[in-house]
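Enquirer: What follows is a single structure, and I will ask about it in a moment.
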Amino acid sequence: MVKLNHHYSKLAGGYLFPEMERRVAAFRTKHPDAPIVDLGIGDVKEPLCPSIISALEKASRELGSPETFKGYGPAQGYPFLREAIAKGDYGSLGISPDEIFISDGAKNDIGNFQEIFAVENRVAIPDPTYPVYIDTNVMAGRTRLPLKTGGYGGIIYLPCTEENNFLPQLPNRPCDLIYLCSPSNPTGTAMTRETLQMWVRYAKENEAVILFDGAYEAYVRSPHAVRSIYEIPGAKEVAVEFRSFSKTAGFTGLRCSYCVVPHSLKIVESYQSFSLHALWKRRQETKFGGVAYPIQRAAAAIYSEQGKKEVKAFIDDILDRAKRLRDGLSALGYRVFGGTDAPYLWVKTPGKMSSWEFFDQLLEQHYLVSVPGSGFGTEGEGYVRFSAFSEASKMTEALNRLEMVAQ
Ligand code: MLT
C-alpha cells in the first residue's frame with residue numbers, strides 16, 4: 001500500500017502568501033468596490049524594461065527559424081548568461097562561469113538545495129525568516145512537530161530582534177546547515193561585513209555550510225553592507241549563494257535566477273572529500289530541464305550598458321518609494337526598520353496589537369494589504385511587513401489613509 005511522506009503533515013497551516021491572499025480575496029468578495037492598496041507580497045507591478053523585451057522578442061524569433069532554432073539547452077544554463085553574470089556580478093570576486101547554475105527561481109533553488117544534505121543535519125534559520133527555508137526542511141524530515149510556542153522542534157532559531165539590529169547571532173548549540181538572507185526578507189536589514197565574517201569563521205571552524213540568500217542584493221546602498229558573501233575571505237569554502245532576477249529586474253513572471261556553488265566548497269566525511277558543485281550539477285542534470293532560451297537571453301540583456309541603466313533606474317525607483325513610505329510612517333509615529341537597502345519595511349504594530357490584528361485593521365479600515373510579521377516566525381509577532389513594489393502614487397495613498405486616522 002502506498003505510504004505518504006508524513007513530514008508534510010507536520011506543516012503548520014498554509015504557506016504564508018496564499019493564506020494571506022485568501023483573506024484578501026474574502027475581503028474583496030464582501031467589499032468589491034474597496035480601493036485596495038497592495039503593499040503585501042513582494043511582486044513587481046511594472047512592465048519589464050525595454051532591453052529585456054527586445055531581447056525576449058529577438059530570441060523568440062530565433063526559435064522560429066531553422067538556422068537559429070534551439071531545443072534542449074544545457075541544464076546548468078547557457079554559457080552566454082553564466083559568463084555575463086560572472087563578469088557583471090562577480091567581476092573582482094573571482095567566480096567562474098562554471099560555478100554558476102541558472103534556474104527558474106531562487107525559491108526553487110533554496111528549497112531544493114537542502115536535499116543534497118543528510119536529514120541528520122542540524123539546521124539554523126533566522127527568526128523571522130523567508131518561510132521557504134523552514135517549510136522545505138520540515139518536508140524533508142529535518143524537524144520535529146510544530147511547538148505550542150511557535151516554530152518547529154529540531155530547528156535552531158536565530159532570533160533577529162530590534163535589540164540585535166535584526167542581525168542573526170551565533171547559536172549556543174552546534175549547527176551544520178545555516179540559512180542567511182541579506183538584505184533580509186522580511187526585516188529589510190542588510191548584514192554588515194563583521195556579522196558575515198563571524199558566520200564564515202563559524203562555518204569554517206564547525207565544518208558547516210552557509211546557504212546565503214542574496215535575492216535582494218541589488219537594493220543594497222549602505223557602504224557598510226555586503227552584497228555577496230564572497231566578499232568575505234574564505235566564503236568560497238563554506239557558502240552557496242542564491243540570487244534572482246525577480247526583484248532585480250522584474251522577472252517574477254518570467255522566472256530566472258541563479259546560484260553559485262564554488263568548486264572549493266568541499267565536504268569531508270570519513271576521510272573522503274565530496275564536491276557540492278558536483279553533487280548539485282548531478283541533481284540539476286537529473287531533475288531540472290533548464291530555463292527557456294528567450295528568458296536566458298532576456299536575463300543576459302540586463303548586463304548590457306543600456307540594460308544596466310534601465311535596471312538601476314527600476315531599483316532606484318523602488319528604493320525612492322520605500323524611502324517615501326518609511327519617512328511617512330515614521331512621521332506618523334510608527335517604528336519603522338528596513339527600507340533603505342531593501343524593498344521591505346518592517347513596522348512595529350501599534351500598542352500591543354498582534355500582527356494578524358493589525359493586518360486585519362489595515363485591511364478592513366484602510367483597505368491596505370500588508371504581511372503579518374508572525375507569518376515569518378515567532379520573533380515576527382508584533383510587526384507587519386510593507387513592500388514598496390507598488391506605484392509611488394499608492395505609497396502616497398497609503399500614507400494619506402493612515403494619516404487621516406492618526407489625526
Ligand atoms: C515575498 O513577498 O516575500 C516574496 O515575494 C516571496 C517570494 O519571492 O517568493
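Identifiers in this document derive from the order of the C-alpha cells: chains are assigned A, B, ..., residues are numbered from 1 separately in each chain, and ligands are numbered from 1 in order of occurrence.
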Residues of chain A within 7 Å of ligand 1: nearest atom pair and distance (Å, one decimal) for each, counting only C-alpha atoms and all ligand atoms, sorted by chain and number, as a tab-separated table?
Expert:
residue	atom	partner	partner_atom_place_in_ligand_line	distance
A:Gly40	CA	ligand 1	2 (O)	6.7
A:Ile41	CA	ligand 1	2 (O)	3.6
A:Gly42	CA	ligand 1	2 (O)	3.5
A:Asp43	CA	ligand 1	5 (O)	5.2
A:Lys107	CA	ligand 1	9 (O)	5.8
A:Tyr130	CA	ligand 1	3 (O)	6.5
A:Asn185	CA	ligand 1	3 (O)	6.1
A:Pro186	CA	ligand 1	3 (O)	6.7
Enquirer: List as a JSON list (two decimals) with N, CA, C and O atoms, in the first residue's frame the protein and nucleic acid residues near stretch 328-341 of chain A, meaning an atom at most 7 Å away when only C-alpha atoms are counted, but skip any in the same chain fewer than 2 places from it.
Expert:
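Output (selection-v4.json):
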[["chain", "number", "residue", "atom", "x", "y", "z"],
["A", 183, "PRO", "N", 20.08, 41.46, 1.79],
["A", 183, "PRO", "CA", 19.20, 42.08, 2.76],
["A", 183, "PRO", "C", 18.06, 41.12, 3.11],
["A", 183, "PRO", "O", 17.59, 40.37, 2.26],
["A", 187, "THR", "N", 12.89, 41.59, 7.25],
["A", 187, "THR", "CA", 13.14, 42.82, 8.03],
["A", 187, "THR", "C", 13.78, 43.94, 7.21],
["A", 187, "THR", "O", 13.86, 45.07, 7.68],
["A", 188, "GLY", "N", 14.27, 43.62, 6.02],
["A", 188, "GLY", "CA", 14.87, 44.64, 5.18],
["A", 188, "GLY", "C", 16.26, 45.06, 5.65],
["A", 188, "GLY", "O", 16.84, 46.03, 5.15],
["A", 189, "THR", "N", 16.83, 44.33, 6.62],
["A", 189, "THR", "CA", 18.14, 44.68, 7.15],
["A", 189, "THR", "C", 19.25, 44.03, 6.33],
["A", 189, "THR", "O", 19.18, 42.84, 6.05],
["A", 190, "ALA", "N", 20.27, 44.80, 5.99],
["A", 190, "ALA", "CA", 21.42, 44.22, 5.27],
["A", 190, "ALA", "C", 22.50, 43.85, 6.26],
["A", 190, "ALA", "O", 22.77, 44.59, 7.22],
["A", 219, "TYR", "N", 19.47, 45.92, -4.06],
["A", 219, "TYR", "CA", 18.91, 47.07, -3.33],
["A", 219, "TYR", "C", 19.89, 47.63, -2.30],
["A", 219, "TYR", "O", 19.60, 48.64, -1.66],
["A", 220, "VAL", "N", 21.03, 46.97, -2.13],
["A", 220, "VAL", "CA", 21.98, 47.43, -1.11],
["A", 220, "VAL", "C", 22.59, 48.76, -1.53],
["A", 220, "VAL", "O", 23.10, 48.90, -2.64],
["A", 221, "ARG", "N", 22.51, 49.75, -0.64],
["A", 221, "ARG", "CA", 23.10, 51.06, -0.91],
["A", 221, "ARG", "C", 24.06, 51.47, 0.21],
["A", 221, "ARG", "O", 24.92, 52.30, 0.01],
["A", 222, "SER", "N", 23.87, 50.91, 1.42],
["A", 222, "SER", "CA", 24.73, 51.32, 2.54],
["A", 222, "SER", "C", 26.15, 50.86, 2.31],
["A", 222, "SER", "O", 26.36, 49.68, 1.98],
["A", 319, "LEU", "N", 13.42, 52.00, -4.44],
["A", 319, "LEU", "CA", 14.03, 52.49, -3.20],
["A", 319, "LEU", "C", 13.48, 53.88, -2.83],
["A", 319, "LEU", "O", 13.31, 54.20, -1.66],
["A", 322, "ALA", "N", 10.26, 53.22, -1.19],
["A", 322, "ALA", "CA", 10.48, 52.69, 0.17],
["A", 322, "ALA", "C", 10.82, 53.85, 1.11],
["A", 322, "ALA", "O", 10.34, 53.91, 2.24],
["A", 323, "LYS", "N", 11.61, 54.80, 0.62],
["A", 323, "LYS", "CA", 12.01, 55.93, 1.46],
["A", 323, "LYS", "C", 10.79, 56.79, 1.79],
["A", 323, "LYS", "O", 10.58, 57.20, 2.93],
["A", 324, "ARG", "N", 9.97, 57.02, 0.75],
["A", 324, "ARG", "CA", 8.77, 57.83, 0.95],
["A", 324, "ARG", "C", 7.87, 57.19, 2.02],
["A", 324, "ARG", "O", 7.37, 57.85, 2.93],
["A", 325, "LEU", "N", 7.71, 55.89, 1.91],
["A", 325, "LEU", "CA", 6.86, 55.16, 2.85],
["A", 325, "LEU", "C", 7.48, 55.17, 4.25],
["A", 325, "LEU", "O", 6.80, 55.40, 5.26],
["A", 326, "ARG", "N", 8.77, 54.96, 4.28],
["A", 326, "ARG", "CA", 9.49, 54.92, 5.57],
["A", 326, "ARG", "C", 9.38, 56.27, 6.28],
["A", 326, "ARG", "O", 9.03, 56.36, 7.45],
["A", 343, "PRO", "N", 13.55, 46.45, -0.49],
["A", 343, "PRO", "CA", 12.21, 46.96, -0.83],
["A", 343, "PRO", "C", 11.20, 46.72, 0.28],
["A", 343, "PRO", "O", 10.02, 46.96, 0.09],
["A", 344, "TYR", "N", 11.64, 46.18, 1.42],
["A", 344, "TYR", "CA", 10.73, 45.86, 2.51],
["A", 344, "TYR", "C", 10.91, 46.75, 3.72],
["A", 344, "TYR", "O", 12.05, 47.09, 4.09],
["A", 345, "LEU", "N", 9.78, 47.10, 4.36],
["A", 345, "LEU", "CA", 9.80, 47.86, 5.61],
["A", 345, "LEU", "C", 9.19, 46.98, 6.68],
["A", 345, "LEU", "O", 8.17, 46.32, 6.45],
["A", 346, "TRP", "N", 9.83, 46.98, 7.81],
["A", 346, "TRP", "CA", 9.41, 46.13, 8.94],
["A", 346, "TRP", "C", 8.87, 47.09, 9.99],
["A", 346, "TRP", "O", 9.62, 47.90, 10.53],
["A", 347, "VAL", "N", 7.56, 47.01, 10.25],
["A", 347, "VAL", "CA", 6.89, 48.06, 11.02],
["A", 347, "VAL", "C", 6.27, 47.47, 12.28],
["A", 347, "VAL", "O", 5.53, 46.48, 12.22],
["A", 348, "LYS", "N", 6.58, 48.09, 13.41],
["A", 348, "LYS", "CA", 6.07, 47.63, 14.71],
["A", 348, "LYS", "C", 4.56, 47.93, 14.76],
["A", 348, "LYS", "O", 4.14, 49.01, 14.36],
["A", 399, "LEU", "N", -0.26, 56.36, 2.81],
["A", 399, "LEU", "CA", 0.09, 57.29, 3.90],
["A", 399, "LEU", "C", -1.08, 58.23, 4.21],
["A", 399, "LEU", "O", -1.37, 58.50, 5.37],
["A", 403, "GLU", "N", -2.82, 58.66, 7.75],
["A", 403, "GLU", "CA", -2.73, 59.98, 8.37],
["A", 403, "GLU", "C", -4.12, 60.45, 8.82],
["A", 403, "GLU", "O", -4.28, 60.98, 9.92]]
Enquirer: At a cut-off of 7 Å, using only C-alpha atoms, what residues contact stretch 169-178 of chain A? Leave out same-chain residues fewer than 4 positions from it and give the result as a list in words.
Expert: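 The residues that qualify are Asn121, Arg122, Val123, Ala124, Ile125, Leu158, Ala208, Val209, Ile210 and Leu211 of chain A.
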Enquirer: Write out as a Markdown table the residues of stretch 90-200 of chain A that have any atom within 6 Å of an atom of stretch 225-244 of chain A, one row each with the nearest atom pair and its distance in Å to one decimal, counting only C-alpha atoms, sorted by chain and then rising number.
Expert:
| residue | atom | partner | partner_atom | distance |
| --- | --- | --- | --- | --- |
| A:Ala106 | CA | A:Ser244 | CA | 5.5 |
| A:Ala190 | CA | A:Ala225 | CA | 5.8 |
| A:Met191 | CA | A:Ala225 | CA | 5.7 |
| A:Thr192 | CA | A:Ala225 | CA | 4.7 |
| A:Arg193 | CA | A:Val226 | CA | 6.0 |
| A:Val200 | CA | A:Ala235 | CA | 5.9 |
Enquirer: Fewer than 5 positions away in the same chain doesn't count, so skip those; otherwise give me all residues within 10 Å of A:Gly71, counting only C-alpha atoms, as a PDB file with N, CA, C and O atoms, in the first residue's frame.
Expert:
ATOM      1  N   LEU A  63      13.917  31.212 -32.438  1.00  0.00           N
ATOM      2  CA  LEU A  63      13.351  29.865 -32.310  1.00  0.00           C
ATOM      3  C   LEU A  63      12.422  29.525 -33.483  1.00  0.00           C
ATOM      4  O   LEU A  63      12.090  28.369 -33.705  1.00  0.00           O
ATOM      5  N   ALA A 292      14.056  28.484 -20.288  1.00  0.00           N
ATOM      6  CA  ALA A 292      13.829  28.723 -21.722  1.00  0.00           C
ATOM      7  C   ALA A 292      14.874  29.695 -22.297  1.00  0.00           C
ATOM      8  O   ALA A 292      15.241  30.677 -21.640  1.00  0.00           O
ATOM      9  N   TYR A 293      15.306  29.400 -23.510  1.00  0.00           N
ATOM     10  CA  TYR A 293      16.342  30.218 -24.169  1.00  0.00           C
ATOM     11  C   TYR A 293      15.980  31.710 -24.204  1.00  0.00           C
ATOM     12  O   TYR A 293      16.797  32.542 -23.810  1.00  0.00           O
TER      13      TYR A 293
END
Enquirer: Which residues are near A:Phe359? Cut-off 7 Å, only C-alpha atoms, ignore same chain within fewer than 2 positions. Put them as a PyMOL selection string.
Expert: chain A and resi 355-357+361-363+370-372
Enquirer: Between A:Asp135, A:Asp104, A:Glu391, A:Glu217, which has the minimum distance to A:Pro47 (counting only C-alpha atoms)?
Expert: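 So, comparing all the options, the nearest one is A:Glu391.
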Enquirer: Could you give me the residues within stretch 115-192 of chain A that DSSP places in strand (DSSP E or B), as number ranges by chain?
Expert: A: 123-127, 146, 152, 156-159, 177-181, 192
Enquirer: If we count only C-alpha atoms and set the cut-off at 10 Å, which residues sit around stretch 51-54 of chain A, ignoring sequence neighbours fewer than 4 positions away in its own chain? Please answer as a list of chain:residue names.
Expert: A:Pro47, A:Lys58, A:Ala59, A:Ser60, A:Ala249, A:Gly250, A:Phe251, A:Pro294, A:Ile295, A:Arg297, A:Ala298, A:Ala299, A:Ala300, A:Ala301, A:Ile302, A:Tyr303, A:Ser304, A:Glu305, A:Gln306, A:Gly307, A:Lys308, A:Lys309, A:Glu310, A:Val311
